[in-house]
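Reviewing the structure listed below.
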Amino acid sequence: MAASVVDAFENELSCPICYEDFEEPKCLPNCAHNICQNCLERMAKRKRKVIECPVCRVVSVIPKGGVVAFPKNHLLVRLLETNSALKERKSMKHALENCKSKIENAKADLKETEDFFVTAKSQVEETKQKIKSLADQAVFMVRKQERQMFHEIDQRLRDNLNEGAFATHKMNTLKLCDSASSCVQATREELQNGRMSVKDSCEDLAQKLNNFSTALDTRMVWAKCEFKQSFEVSLTNSDSLEKFVSEKKSLIGELNITTSTPAAPKLLKYSRSGSLIQIIDNRCLHGTTQFSPFSVAVSRLNGHFAVLDVGGEMKYVHIFKENGEPLSKFCIKQGDPWDVALLKDIEVVVLDRESNRLLYFNLCGIVNSKKKSVTAPPREKVKFSSLSVDLNGYIIISSCPCFDETDTLPCILIYNPSGELVSLVGEGILVTPEKAVSLNGKYFVADSRKQSVIVFNKKGCVIRTISGLQLVIPSCIAVDYSKQLLLVSDSGNSSIQIYNQQGRKQCWFQTEHAPIGVAFTKDCENMLICFSF
């Protein structure tokens with residue numbers, strides 16, 4: 001009975017002037033027609049004493065308190081509050097407006113960034129013309145300096161304003177805006193034609209619009225970080241050249257190029273859908289001027305994560321809490337660290353490629369001298385390059401040739417928790433094993449040159465190969481043990497891809513830069529990604 005009443009009053013639930021669902025329905029006393037308060041206020045501005053009903057033309061006197069004093073139709077309010085279809089339409093309208101706002105903001109941000117490039121290039125051209133004008137008068141004595149300065153200023157422009165990256169960003173943003181605009185238009189047409197009665201359809205479209213909004217937000221964050229840098233260029237100390245022109249004594253001045261480059265984010269936290277959640281860079285680390293994460297490992301017990309920092313001459317390991325707050329930091333004073341792992345929340349393991357061994361530290365960087373170090377088998381020509389630790393404490397190390405190495409054996413070495421080598425997998429099959437993990441008794445190995453993830457059983461036999469057009473250079477791999485999923489970073493096409501253990505792709509998203517190290521957070525709902533800039 002209640003549903004039939006709502007259906008009967010469906011046409012009475014929107015204002016006859018603006019055709020929007022009632023927010024504050026007011027009842028005109030002389031004709032009992034309902035008008036929304038906003039429309040009544042606009043009508044009252046034209047005729048301050050009376051309101052002529054737009055439905056029946058009956059005149060009602062405006063009360064002393066204004067249109068707010070007209071009686072409120074509480075029946076309509078209750079119908080609006082209980083009508084689930086109207087609630088869905090309201091949610092859809094909000095999603096539409098939100099997505100439309102994000103589209104406009106993204107386009108405005110893109111235009112602002114493009115104008116910034118034009119202004120910067122204009123400054124460069126003006127300065128080059130002044131340099132050339134002065135250099136022409138100096139003839140032979142300044143030609144060499146002129147060429148050097150041209151090269152310097154062009155190089156600085158390329159170093160600070162990457163036009164290629166901006167062109168790619170512009171193309172991707174416009175495509176995303178076009179897709180979002182098409183979705184907005186299609187949804188608006190569905191609403192106008194009254195075809196939005198199915199709840200699942202409403203929820204799917206609202207989710208799709210919200211996904212577009214989130215994707216546009218992420219792109220705007222990247223654009224502000226990558227392109228909106230301060231860039232000024234001018235010619236200073238030109239008095240020397242002017243004096244040279246008049247007195248033929250001194251040469252051309254020096255360029256004054258000032259740039260303000262923000263710290264580039266290189267460790268980012270993403271959701272599974274590709275939404276940027278958190279940026280961790282040197283601004284989060286007091287006293288650290290350079291922060292270049294190369295690999296990351298997460299504790300499955302408390303969510304702490306360790307990051308191997310290879311940015312400067314000295315290599316560091318940073319320990320962070322689950323929320324990204326710095327916990328500790330220590331220097332690796334020996335060897336050539338290439339990877340990091342966490343054991344039982346209290347032990348940090350660092351892979352030393354130089355000496356083919358593992359180094360064990362506590363969270364403060366104190367070496368565990370009693371720990372038996374994992375070392376390479378003496379007869380094999382292996383070169384440690386990456387490591388991971390499975391749920392049972394077994395250590396999986398990849399041996400991968402690097403640079404001009406020709407005698408390194410590509411393979412995977414599996415050590416038990418006591419540090420003893422139990423098996424060697426992939427000999428004669430693998431080419432460039434970047435990272436290997438274990439899941440349900442199988443070994444999954446990302447091989448960059450083979451453009452695939454190769455799956456071995458415990459005996460070392462290949463049982464499956466995960467590959468496809470979208471796998472170009474798989475550089476790292478991580479495991480979600482709760483959902484039995486594999487996280488693969490692809491530095492060849494700058495993407496993150498998630499597969500099930502049978503090799504079927506579950507989802508993927510594009511990144512602005514090439515991802516290298518990856519790890520799932522403790523709850524496996526988000527991921528930490530190191531980027532190569």
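Just so we're on the same page: first chain in the structure tokens is A, next is B, and so on; residues restart at 1 for each chain, and ligands are numbered from 1 in the order they show up.
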
Which parts of range 7-130 of chain A does DSSP call strand (DSSP E) when run on the backbone here, written out as a compact mmCIF listing (two decimals) with all heavy atoms, in the first residue's frame?
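Everything below was put into states_12.txt:
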# COMPACT_ATOMS: atom_id res chain seq x y z
N PRO A 25 9.85 21.85 0.29
CA PRO A 25 8.58 22.14 -0.38
C PRO A 25 7.67 23.07 0.45
O PRO A 25 7.42 22.82 1.62
CB PRO A 25 7.94 20.76 -0.54
CG PRO A 25 8.54 19.94 0.55
CD PRO A 25 9.91 20.45 0.77
N LYS A 26 7.23 24.18 -0.15
CA LYS A 26 6.32 25.12 0.49
C LYS A 26 4.96 25.04 -0.19
O LYS A 26 4.87 24.99 -1.42
CB LYS A 26 6.87 26.54 0.39
CG LYS A 26 8.17 26.77 1.16
CD LYS A 26 7.96 26.67 2.67
CE LYS A 26 9.23 26.98 3.43
NZ LYS A 26 9.02 26.90 4.89
N CYS A 27 3.90 25.06 0.61
CA CYS A 27 2.53 24.95 0.09
C CYS A 27 1.90 26.34 0.02
O CYS A 27 1.82 27.06 1.03
CB CYS A 27 1.72 24.03 0.99
SG CYS A 27 0.05 23.73 0.40
N ASN A 34 2.46 23.07 -4.52
CA ASN A 34 3.75 23.04 -3.84
C ASN A 34 4.85 23.60 -4.74
O ASN A 34 4.97 23.19 -5.91
CB ASN A 34 4.11 21.61 -3.42
CG ASN A 34 3.07 21.03 -2.47
OD1 ASN A 34 2.94 21.48 -1.35
ND2 ASN A 34 2.31 20.04 -2.95
N ILE A 35 5.66 24.48 -4.17
CA ILE A 35 6.80 25.08 -4.88
C ILE A 35 8.00 25.01 -3.94
O ILE A 35 7.86 25.19 -2.72
CB ILE A 35 6.55 26.56 -5.26
CG1 ILE A 35 5.17 26.72 -5.92
CG2 ILE A 35 7.66 27.11 -6.15
CD1 ILE A 35 5.05 26.07 -7.27
N CYS A 36 9.20 24.79 -4.49
CA CYS A 36 10.38 24.75 -3.62
C CYS A 36 10.72 26.16 -3.13
O CYS A 36 10.44 27.15 -3.80
CB CYS A 36 11.57 24.10 -4.32
SG CYS A 36 12.32 25.09 -5.60
N VAL A 50 3.06 39.66 -3.30
CA VAL A 50 2.23 38.51 -3.64
C VAL A 50 3.02 37.51 -4.49
O VAL A 50 4.03 37.86 -5.10
CB VAL A 50 0.95 38.94 -4.41
CG1 VAL A 50 0.07 39.80 -3.54
CG2 VAL A 50 1.33 39.63 -5.71
N ILE A 51 2.53 36.27 -4.51
CA ILE A 51 3.09 35.21 -5.35
C ILE A 51 1.97 34.69 -6.23
O ILE A 51 0.88 34.34 -5.73
CB ILE A 51 3.64 34.05 -4.49
CG1 ILE A 51 4.90 34.49 -3.75
CG2 ILE A 51 3.95 32.83 -5.34
CD1 ILE A 51 6.12 34.65 -4.62
N GLU A 52 2.23 34.66 -7.53
CA GLU A 52 1.25 34.10 -8.46
C GLU A 52 1.66 32.65 -8.73
O GLU A 52 2.75 32.37 -9.22
CB GLU A 52 1.24 34.89 -9.76
CG GLU A 52 0.17 34.41 -10.74
CD GLU A 52 0.20 35.21 -12.03
OE1 GLU A 52 -0.48 36.25 -12.09
OE2 GLU A 52 0.91 34.80 -12.96
N VAL A 59 -3.32 33.87 -6.88
CA VAL A 59 -2.40 34.75 -6.16
C VAL A 59 -2.47 34.46 -4.66
O VAL A 59 -3.56 34.31 -4.10
CB VAL A 59 -2.72 36.23 -6.44
CG1 VAL A 59 -1.84 37.14 -5.57
CG2 VAL A 59 -2.52 36.54 -7.91
N SER A 60 -1.30 34.38 -4.03
CA SER A 60 -1.20 34.22 -2.57
C SER A 60 -0.34 35.35 -2.03
O SER A 60 0.67 35.73 -2.63
CB SER A 60 -0.56 32.88 -2.20
OG SER A 60 -1.39 31.80 -2.62
N VAL A 61 -0.78 35.91 -0.88
CA VAL A 61 -0.05 37.02 -0.27
C VAL A 61 1.17 36.46 0.47
O VAL A 61 1.08 35.45 1.18
CB VAL A 61 -0.94 37.79 0.71
CG1 VAL A 61 -0.15 38.90 1.41
CG2 VAL A 61 -2.15 38.37 -0.03

Problem - Within 9 Å of His169 in chain A using only C-alpha atoms, minus same-chain residues under 3 positions, as a ChimeraX atom specification - result: /A:110,164-166,172-174,219,223,512

Include C-alpha atoms and write out the residues we just selected as a PDB file, in the first residue's frame.
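Result saved to result34.pdb:
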ATOM      1  CA  LEU A 110      46.020  21.264 -17.378  1.00  0.00           C
ATOM      2  CA  GLY A 164      57.622  14.604 -23.234  1.00  0.00           C
ATOM      3  CA  ALA A 165      56.210  13.641 -19.839  1.00  0.00           C
ATOM      4  CA  PHE A 166      53.805  16.577 -19.997  1.00  0.00           C
ATOM      5  CA  ASN A 172      46.079  10.735 -20.763  1.00  0.00           C
ATOM      6  CA  THR A 173      44.239  13.477 -18.859  1.00  0.00           C
ATOM      7  CA  LEU A 174      42.215  14.552 -21.907  1.00  0.00           C
ATOM      8  CA  ARG A 219      46.360  12.883 -12.084  1.00  0.00           C
ATOM      9  CA  ALA A 223      50.698  17.144 -12.354  1.00  0.00           C
ATOM     10  CA  GLU A 512      53.191   8.047 -14.166  1.00  0.00           C
TER      11      GLU A 512
END

Restrict the calculation to only C-alpha atoms, then for each residue of range 342-432 of chain A with any atom at most 9 Å from an atom of range 296-313 of chain A give the closest atom pair and their distance in Å to one decimal, rows by chain and rising residue number, as JSON lines.
{"residue": "A:Leu342", "atom": "CA", "partner": "A:Ser299", "partner_atom": "CA", "distance": 6.0}
{"residue": "A:Leu343", "atom": "CA", "partner": "A:Ser299", "partner_atom": "CA", "distance": 7.5}
{"residue": "A:Lys344", "atom": "CA", "partner": "A:Ser299", "partner_atom": "CA", "distance": 7.4}
{"residue": "A:Asp345", "atom": "CA", "partner": "A:Ser299", "partner_atom": "CA", "distance": 5.9}
{"residue": "A:Val348", "atom": "CA", "partner": "A:Ala306", "partner_atom": "CA", "distance": 7.7}
{"residue": "A:Val350", "atom": "CA", "partner": "A:Leu308", "partner_atom": "CA", "distance": 8.4}
{"residue": "A:Ser388", "atom": "CA", "partner": "A:Ala297", "partner_atom": "CA", "distance": 8.6}
